[in-house]
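A.B. asks: Okay, here's the structure, questions in a sec.
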Amino acid sequence: MFFLHNLERQVTLHPSYFGRNMHELVTTKLVKDVEGTCAGDYYIIAIMDAFDVSEGRILPGSGLAEFTVGYRAVVWRPYKGEVVDGITDKVNPHGFSVRVGPLEVFTSRIHVPAELQYDANATPPQYTNNADMVIEVGTHVRLRIMGIRTEVNQLYAIGTINGDFLGCLQA
Amino acid sequence: MSKTVRLGSRLRYPITVAKLLKSPGDTVKKQEPLMEYSFKWMKTVGDQIRGDTWEEEQTTIASWESPTDGDLKKWFIKEGDIIRQDGPCIMIKEECSHEIQFQGLCAVCGKDMTDFNWAADRRDTERAKISMVHDQTNLLVSETQAQRTEHELQRRLLESRKLSLVVDLDQTIIHACIDPTVGEWQRDPTNPNHDSVKDVKAFQLEDGPRGLARGCWYYIKMRPGLEGFLRRISAMYELHVYTMGTRAYAQNVARIVDPEQKLFGNRVISRDENGNMYAKSLQRLFPVSTNMVLIIDDRADVWPRNRTNLIKVSPYDFFKGIGDINSSFLPRRQDLLTSEAPAVANTNGKPADIQAAKEEAKKEAVLEELVQVAGAEDPTVTKLQVEEQERTLEKQIKDRPLQVLQEKLDKEDEEAEKSTTPSEDGEETPPQSTPHHRHQVLFDDDNELDFLEQHLTQIHKAYYEEYDRARASHNANGHVDVPSVPDVGSALNKLKSKALGGCKIVLSGLIPLGVEEARSEIGMQILSFGAELRSKISKDVTHLVVSSLRPRTKKVRQAAKIASIKIVNQDWLAECFSKWVKADETPYMFQIHPDDRPGAQDPAAVPTGEGETDLDEADETDENTAKPKKTMLRLTAPPKLRITSASGESHPLGDDDGDDSDDEDDGRDDDEVGLLPDDVEEGQLSPIDGLKTFDWGSFDDDLEAFMNEDTEDEDEDNGDETATGNEQEEEDTNDERDGDENHQLARKRKQADRDVEDDSESERHDENDGSNLSKRLRRIKSRGTSSLRNQYVSTAPSDDAAAAADSSLPTPQITGDEEDVSLLKGAGSSAGDQNAAIVDGLDDEFDDIDEAELEADFLAEFEESTEVGAEEKG
């Protein structure tokens with residue numbers, strides 16, 4: 001699910017950048033540092049605006065200036081039970097994994113409807129019911145998230161396409 | 001999916017079951033108490049400060065929690081039971097057995113598997129530990145799941161009557177290089193190499209090497225006939241790619257070889273997913289059974305566990321002198337059978353180049369050592385290797401070895417034109433008809449794949465014949481019968497072992513010193529083709545394979561005297577290996593040096609090799625130089641007789657077809673053979689072989705025992721006496737000529753020493769095998785501390801105990817004597833250390849010096865303290 005989230009971050013600036021457009025630089029650096037990263041259990045998708053840049057404070061020893069920036073960002077936090085769309089990335093006999101933006105979701109064979117069978121002889125290998133449904137690398141898939149795990153700056157999820165309106169989107 | 005749960009080993013047995021909290025049919029949660037039990041234990045009670053304590057029996061009631069979620073099916077215990085040890089407790093039907101796990105998540109139930117609590121004996125992540133997917137390492141499956149998947153695979157293969165074939169990329173089906181010269185030649189139609197390189201494909205890697213080699217083009221040459229080979233083979237085999245290159249590299253090459261992804265599909269595994277930088281393993285892809293898998297690879301040593309399934313192909317070397325660009329992670333290869341190495345060496349035969357090459361080799365050797373010392377997991381080593389690979393790649397771009405080769409050839413051509421005499425072409429260049437034509441470096445003349453295809457077809461046929469037979473005997477009704485799957489490894493072995501069956505092969509100059517022949521790469525290859533490997537020349541040997549780099553070994557001279565031995569060069573072996581038949585020897589007959597022929601006049605006139613460390617060579621040196629000095633134990637007849645017989649034969653020197661084809665002198669051959677040392681000692685080991693198979697460990701033990709006999713306080717003369725005594729003993733045994741190997745060896749060594757050292761004095765000292773050791777011993781003694789040390793040694797054992805007893809007590813007032821004792825103890829142990837080190841022969845000179853200094857210090861302090869002690873006493 002997407003949220004608008006108010007966040008805060010310390011941004012440091014090298015003395016060589018000190019000058020009139022310092023605040024601009026701070027925002028650029030913030031965007032560069034933060035956008036597209038995973039912060040615990042959510043991804044920071046985009047920064048809407050940096051609404052509050054504090055006064056700079058020189059760090060003793062290094063001479064870097066530290067700013068505390070409050071900003072508003074669009075974040076995406078995947079939830080258990082959430083239905084998401086993604087693109088199939090890898091297909092193997094145990095299941096297939098789908099990229100949902102930055103998140104890798106693995107769907108095991110158990111959570112694929114029985115009519116979809118793994119076909120290793122096809123090129124590329126695919127899950128298919130030999131009719132209109134084919135899941136191969138590149139197929140758009142809608143799935144429901146069953147479990148999520150956070151690792152350092154990384155999220156992993158398990159999904160299922162067993163359910164109404166789930167599965168292959170290109171049919 | 002019922003599972004039996006044991007009580008676990010952490011309970012304090014014996015326990016008494018007090019109450020069962022759940023009954024069969026109940027749903028239980030993880031960590032929910034299932035039963036209560038009591039146990040008795042002893043507790044120390046009382047006043048600990050005053051030491052007024054006693055043991056008292058306590059009874060505690062504890063609860064036992066469910067280690068897993070699920071439905072309780074059955075209790076194996078009942079209330080009131082006394083349980084003495086760990087055993088089954090309940091049967092539980094689990095909600096999920098977590099058989100597929102993705103990055104710590106169960107892919108079936110979505111639970112986090114890394115949670116660990118005290119109720120369960122083992123982590124849930126341990127249930128699924130097998131990684132068997134080509135392109136993912138974070139997907140793990142359990143054994144049963146792996147088995148299921150593999151059975152499915154086998155079933156599918158059997159249905160389509162296929163087998164699995166794991167294909168290596170580099171130097172097996174393609175040859176890659178990053179020398180930019182290739183691109184230039186491709187664009188230049190006038191270049192003599194244009195024809196060869198015009199179908200070379202190229203790609204760039206985004207995540208390729210950094211630095212100078214960044215963004216370089218990879219030039220990929222497919223082995224001739226590859227397309228058709230793969231197309232035809234893929235009808236019989238399901239193909240997998242298994243390479244030591246990176247993932248991106250593997251995929252790019254796969255795209256070139258197989259643009260439609262019809263052959264390999266997504267079955268590509270690279271170093272990134274392999275999990276091991278040094279070895280490939282079939283178990284990574286087929287964890288349960290490798291019965292239906294074959295491998296083609298140009299290196300056998302990277303498949304330590306799967307040799308039975310391996311078909312070794314001769315390496316494809318199109319870009320001369322480049323080798324395998326992804327091999328910097330692998331140990332150096334030792335199985336090259338081509339004669340191209342000398343050709344390349346000749347083309348840039350400047351001494352400086354050779355020096356540089358040697359240094360390079362040394363550097364690599366150091367790295368290799370480092371790799372061997374450190375485990376495969378060490379990240380610093382991995383980093384080192386990545387850097388090493390980058391360096392080699394950069395070097396290739398900078399040095400442009402192909403261009404250098406071509407320029408060299410051009411220069412040779414020019415010179416040849418100038419002198420208008422036919423030039424001596426290197427082995428790479430066939431004679432050209434038109435002199436104005438520039439010679440080319442690259443030739444596209446490899447035909448390995450044709451043979452490989454034949455072999456693979458044969459194996460496939462043999463395999464399915466066997467399978468059909470097994471199935472018929474099983475009376476399988478369905479058309480697939482997994483239990484009767486035969487092992488493809490044995491089919492392969494059966495086919496291969498026919499090839500050289502009955503041959504008895506001796507190798508010369510092909511295997512580095514110190515490597516056991518049967519363990520070497522070439523040796524194992526020979527054995528796998530059904531031939532017998534002999535280590536020395538005898539009459540029933542059929543082939544002697546000689547390295548063309550080192551043509552003048554003793555074995556050649558011996559073999560030249562036996563007509564039935566075919567002396568061939570290593571290319572014969574290479575052909576046998578690739579064709580799987582006993583190749584015709586005629587084109588590979590070895591040109592024997594005239595001096596090595598049976599008719600040669602003076603064996604002593606033979607110049608020896610240029611300081612090679614090979615044993616054969618060393619032995620030759622011994623023989624040639626030592627012969628005039630004394631009668632060799634290996635020589636039965638006096639040298640004079642030998643010369644007479646040899647000169648009596650007087651072969652014409654011009655006869656150089658290499659084969660000793662004179663049939664009429666068979667009898668004489670025998671006589672001659674009789675003169676040969678090896679033949680004399682028939683049934684016994686020849687001196688060389690004695691060394692080769694020699695158990696150095698036992699020798700070291702003997703030596704050590706010998707050294708231990710000489711006690712520390714023995715003086716110099718004494719040591720020499722022992723040495724000479726030992727030598728006499730040797731002489732005796734040698735006269736008997738059935739002395740054990742140790743003495744033969746000792747003798748050999750001695751001769752080597754004689755040859756090296758002219759100094760008669762040192763020679764005298766060197767007459768025993770512990771020469772270096774005894775020398776060191778003497779040196780140490782001559783430092784004048786020996787008497788002190790002796791004193792230490794003699795006092796140490798008795799004082800040790802006393803000192804140990806003393807040191808445990810606090811000694812507020814050190815008396816002189818006590819200090820002496822402690823000093824003595826330290827010094828004594830250090831001297832003892834030194835003794836041990838000397839006897840082991842492990843320490844080097846620096847240690848000696850250090851310890852001598854240490855001793856000197858000790859001596860000084862010792863004397864000082866005795867003085868002080870004396871003063872105090874006085």
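Lettering and numbering for the structure tokens are positional, with chains as A, B, ... in the shown order, residues counted from 1 in each chain, and ligands counted from 1 in the shown order.
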Pick out the chain B residues within 8 Å of chain A. Count only C-alpha atoms. Give them as an MDAnalysis selection string.
C.D. replies: chainID B and resid 100 102:112 133 135 149 261:262 265:266
A.B. asks: Excluding stretch 496-499 of chain B and its own-chain neighbours fewer than 2 positions away, which residues fall within 8 Å of it when counting only C-alpha atoms? Please give them as a PyMOL selection string.
C.D. replies: chain B and resi 492-494+501+528-531+576+580-582
A.B. asks: May I ask for the distance between atom CA of B:His175 and atom CA of B:Leu263, given in Å to one decimal place?
C.D. replies: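 Answer for the atom CA of B:His175 to atom CA of B:Leu263 separation: 18.9 Å.
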A.B. asks: From the set A:Thr88, A:Thr12, A:Thr68, A:Asn162, which residue has the shortest atom-to-atom contact distance to A:Lys29, counting only C-alpha atoms?
C.D. replies: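 Closest to A:Lys29, using only C-alpha atoms: A:Thr12.
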A.B. asks: Can you pull out every residue within 7 Å of A:Val69, counting only C-alpha atoms, but drop anything in the same chain fewer than 2 positions away, and send it as a ChimeraX atom specification?
C.D. replies: /A:8-11,50,52-54,67,71
A.B. asks: Leaving out A:Gly36 and any residue of its chain fewer than 6 positions from it, which residues lie within 7 Å of it when counting only C-alpha atoms, given as a PyMOL selection string?
C.D. replies: chain A and resi 43-45
A.B. asks: Can you write just those residues out, C-alpha atoms, as a PDB file, in the first residue's frame?
C.D. replies:
```pdb
ATOM      1  CA  TYR A  43      10.321   1.357   0.361  1.00  0.00           C
ATOM      2  CA  ILE A  44      10.760   5.077  -0.166  1.00  0.00           C
ATOM      3  CA  ILE A  45       9.458   5.519  -3.669  1.00  0.00           C
TER       4      ILE A  45
END
```
A.B. asks: Nearest residue to A:Phe51 out of A:Glu82, A:Tyr17, A:Gly63, A:Asn6, using only C-alpha atoms?
C.D. replies: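 The answer is A:Asn6, which sits nearest to A:Phe51.
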A.B. asks: Which one is closest to A:Val84: A:Arg99, A:Arg20, A:Arg144, A:Lys32? Count only C-alpha atoms.
C.D. replies: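 Residue with the minimum atom-to-atom distance to A:Val84: A:Arg144.
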A.B. asks: Which one is closest to B:Ala574: B:Met277, B:Ile505, B:Ile526, B:Leu533? Count only C-alpha atoms.
C.D. replies: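 Smallest distance to B:Ala574 is found for B:Ile526.
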A.B. asks: Could you tell me how far atom CA of B:Pro224 lies from atom CA of B:Glu448, in Å and to one decimal?
C.D. replies: 8.5 Å
A.B. asks: With DSSP run on the backbone, what are the strand (DSSP E or B) residues within stretch 426-549 of chain B? I'd like them as a PyMOL selection string.
C.D. replies: chain B and resi 504-508+532-534+543-546
A.B. asks: Those selected residues, please, written with C-alpha atoms and delivered as a CSV table (one decimal), in the first residue's frame.
C.D. replies:
```
chain,number,residue,atom,x,y,z
B,504,LYS,CA,50.6,-50.8,-21.1
B,505,ILE,CA,51.8,-47.3,-21.1
B,506,VAL,CA,54.8,-45.6,-19.6
B,507,LEU,CA,54.9,-41.9,-19.4
B,508,SER,CA,58.1,-39.8,-19.7
B,532,GLU,CA,47.5,-50.0,-17.8
B,533,LEU,CA,49.9,-47.5,-16.4
B,534,ARG,CA,53.4,-48.6,-15.8
B,543,HIS,CA,53.8,-47.7,-25.5
B,544,LEU,CA,56.1,-45.1,-24.2
B,545,VAL,CA,54.6,-41.6,-24.4
B,546,VAL,CA,57.3,-39.0,-24.4
```
A.B. asks: Identify, on the basis of only C-alpha atoms, every residue whose closest approach to A:Tyr127 does not exceed 7 Å; exclude the query and any residue fewer than 5 positions from it along the same chain; express the result as a PDB file with C-alpha atoms, in the first residue's frame.
C.D. replies:
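Resulting contents of out39.pdb:
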```pdb
ATOM      1  CA  LEU A 116      -1.354 -24.700 -14.435  1.00  0.00           C
ATOM      2  CA  GLN A 117       1.386 -27.284 -14.877  1.00  0.00           C
ATOM      3  CA  TYR A 118       5.081 -26.753 -15.120  1.00  0.00           C
ATOM      4  CA  ASP A 119       6.371 -27.433 -18.607  1.00  0.00           C
ATOM      5  CA  VAL A 134       0.872 -19.100 -19.658  1.00  0.00           C
ATOM      6  CA  ILE A 135       3.248 -17.886 -17.002  1.00  0.00           C
ATOM      7  CA  GLU A 136       6.764 -17.502 -18.291  1.00  0.00           C
TER       8      GLU A 136
END
```
A.B. asks: Give me the residues within 6 Å of stretch 588-593 of chain B as a PyMOL selection string, counting only C-alpha atoms and dropping any in the same chain fewer than 5 places off.
C.D. replies: chain B and resi 567-569+572+658
A.B. asks: Counting only C-alpha atoms, which residue out of B:Leu239, B:Met707, B:Ala300, B:Leu163 sits closest to B:Ala462?
C.D. replies: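 With only C-alpha atoms as the atom set, the closest residue is B:Leu163.
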A.B. asks: Extract, using only C-alpha atoms, all DNA, RNA and protein residues at most 10 Å from B:Ala235, discarding same-chain residues fewer than 3 positions from it, and format them as a list of chain:residue names.
C.D. replies: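 Here the answer would be B:Ser160, B:Arg161, B:Lys162, B:Leu163, B:Leu230, B:Arg231, B:Arg232, B:Glu238, B:Leu239, B:Leu263.
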A.B. asks: Provide the atom CA of B:Lys93 to atom CA of B:Phe76 distance in Å, to one decimal place.
C.D. replies: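 Pair atom CA of B:Lys93 / atom CA of B:Phe76 returns 14.3 Å.
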A.B. asks: Can you check which residues of chain A DSSP gives as helix (DSSP H, G or I) on the backbone and send them as a list in words?
C.D. replies: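 Here are the helix (DSSP H, G or I) residues of chain A: Pro15, Ser16, Tyr17, Met22, His23, Glu24, Leu25, Val26, Thr27, Thr28, Lys29, Leu30, Val31, Lys32, Asp33, Val34, Arg109, Ile110 and His111 of chain A.
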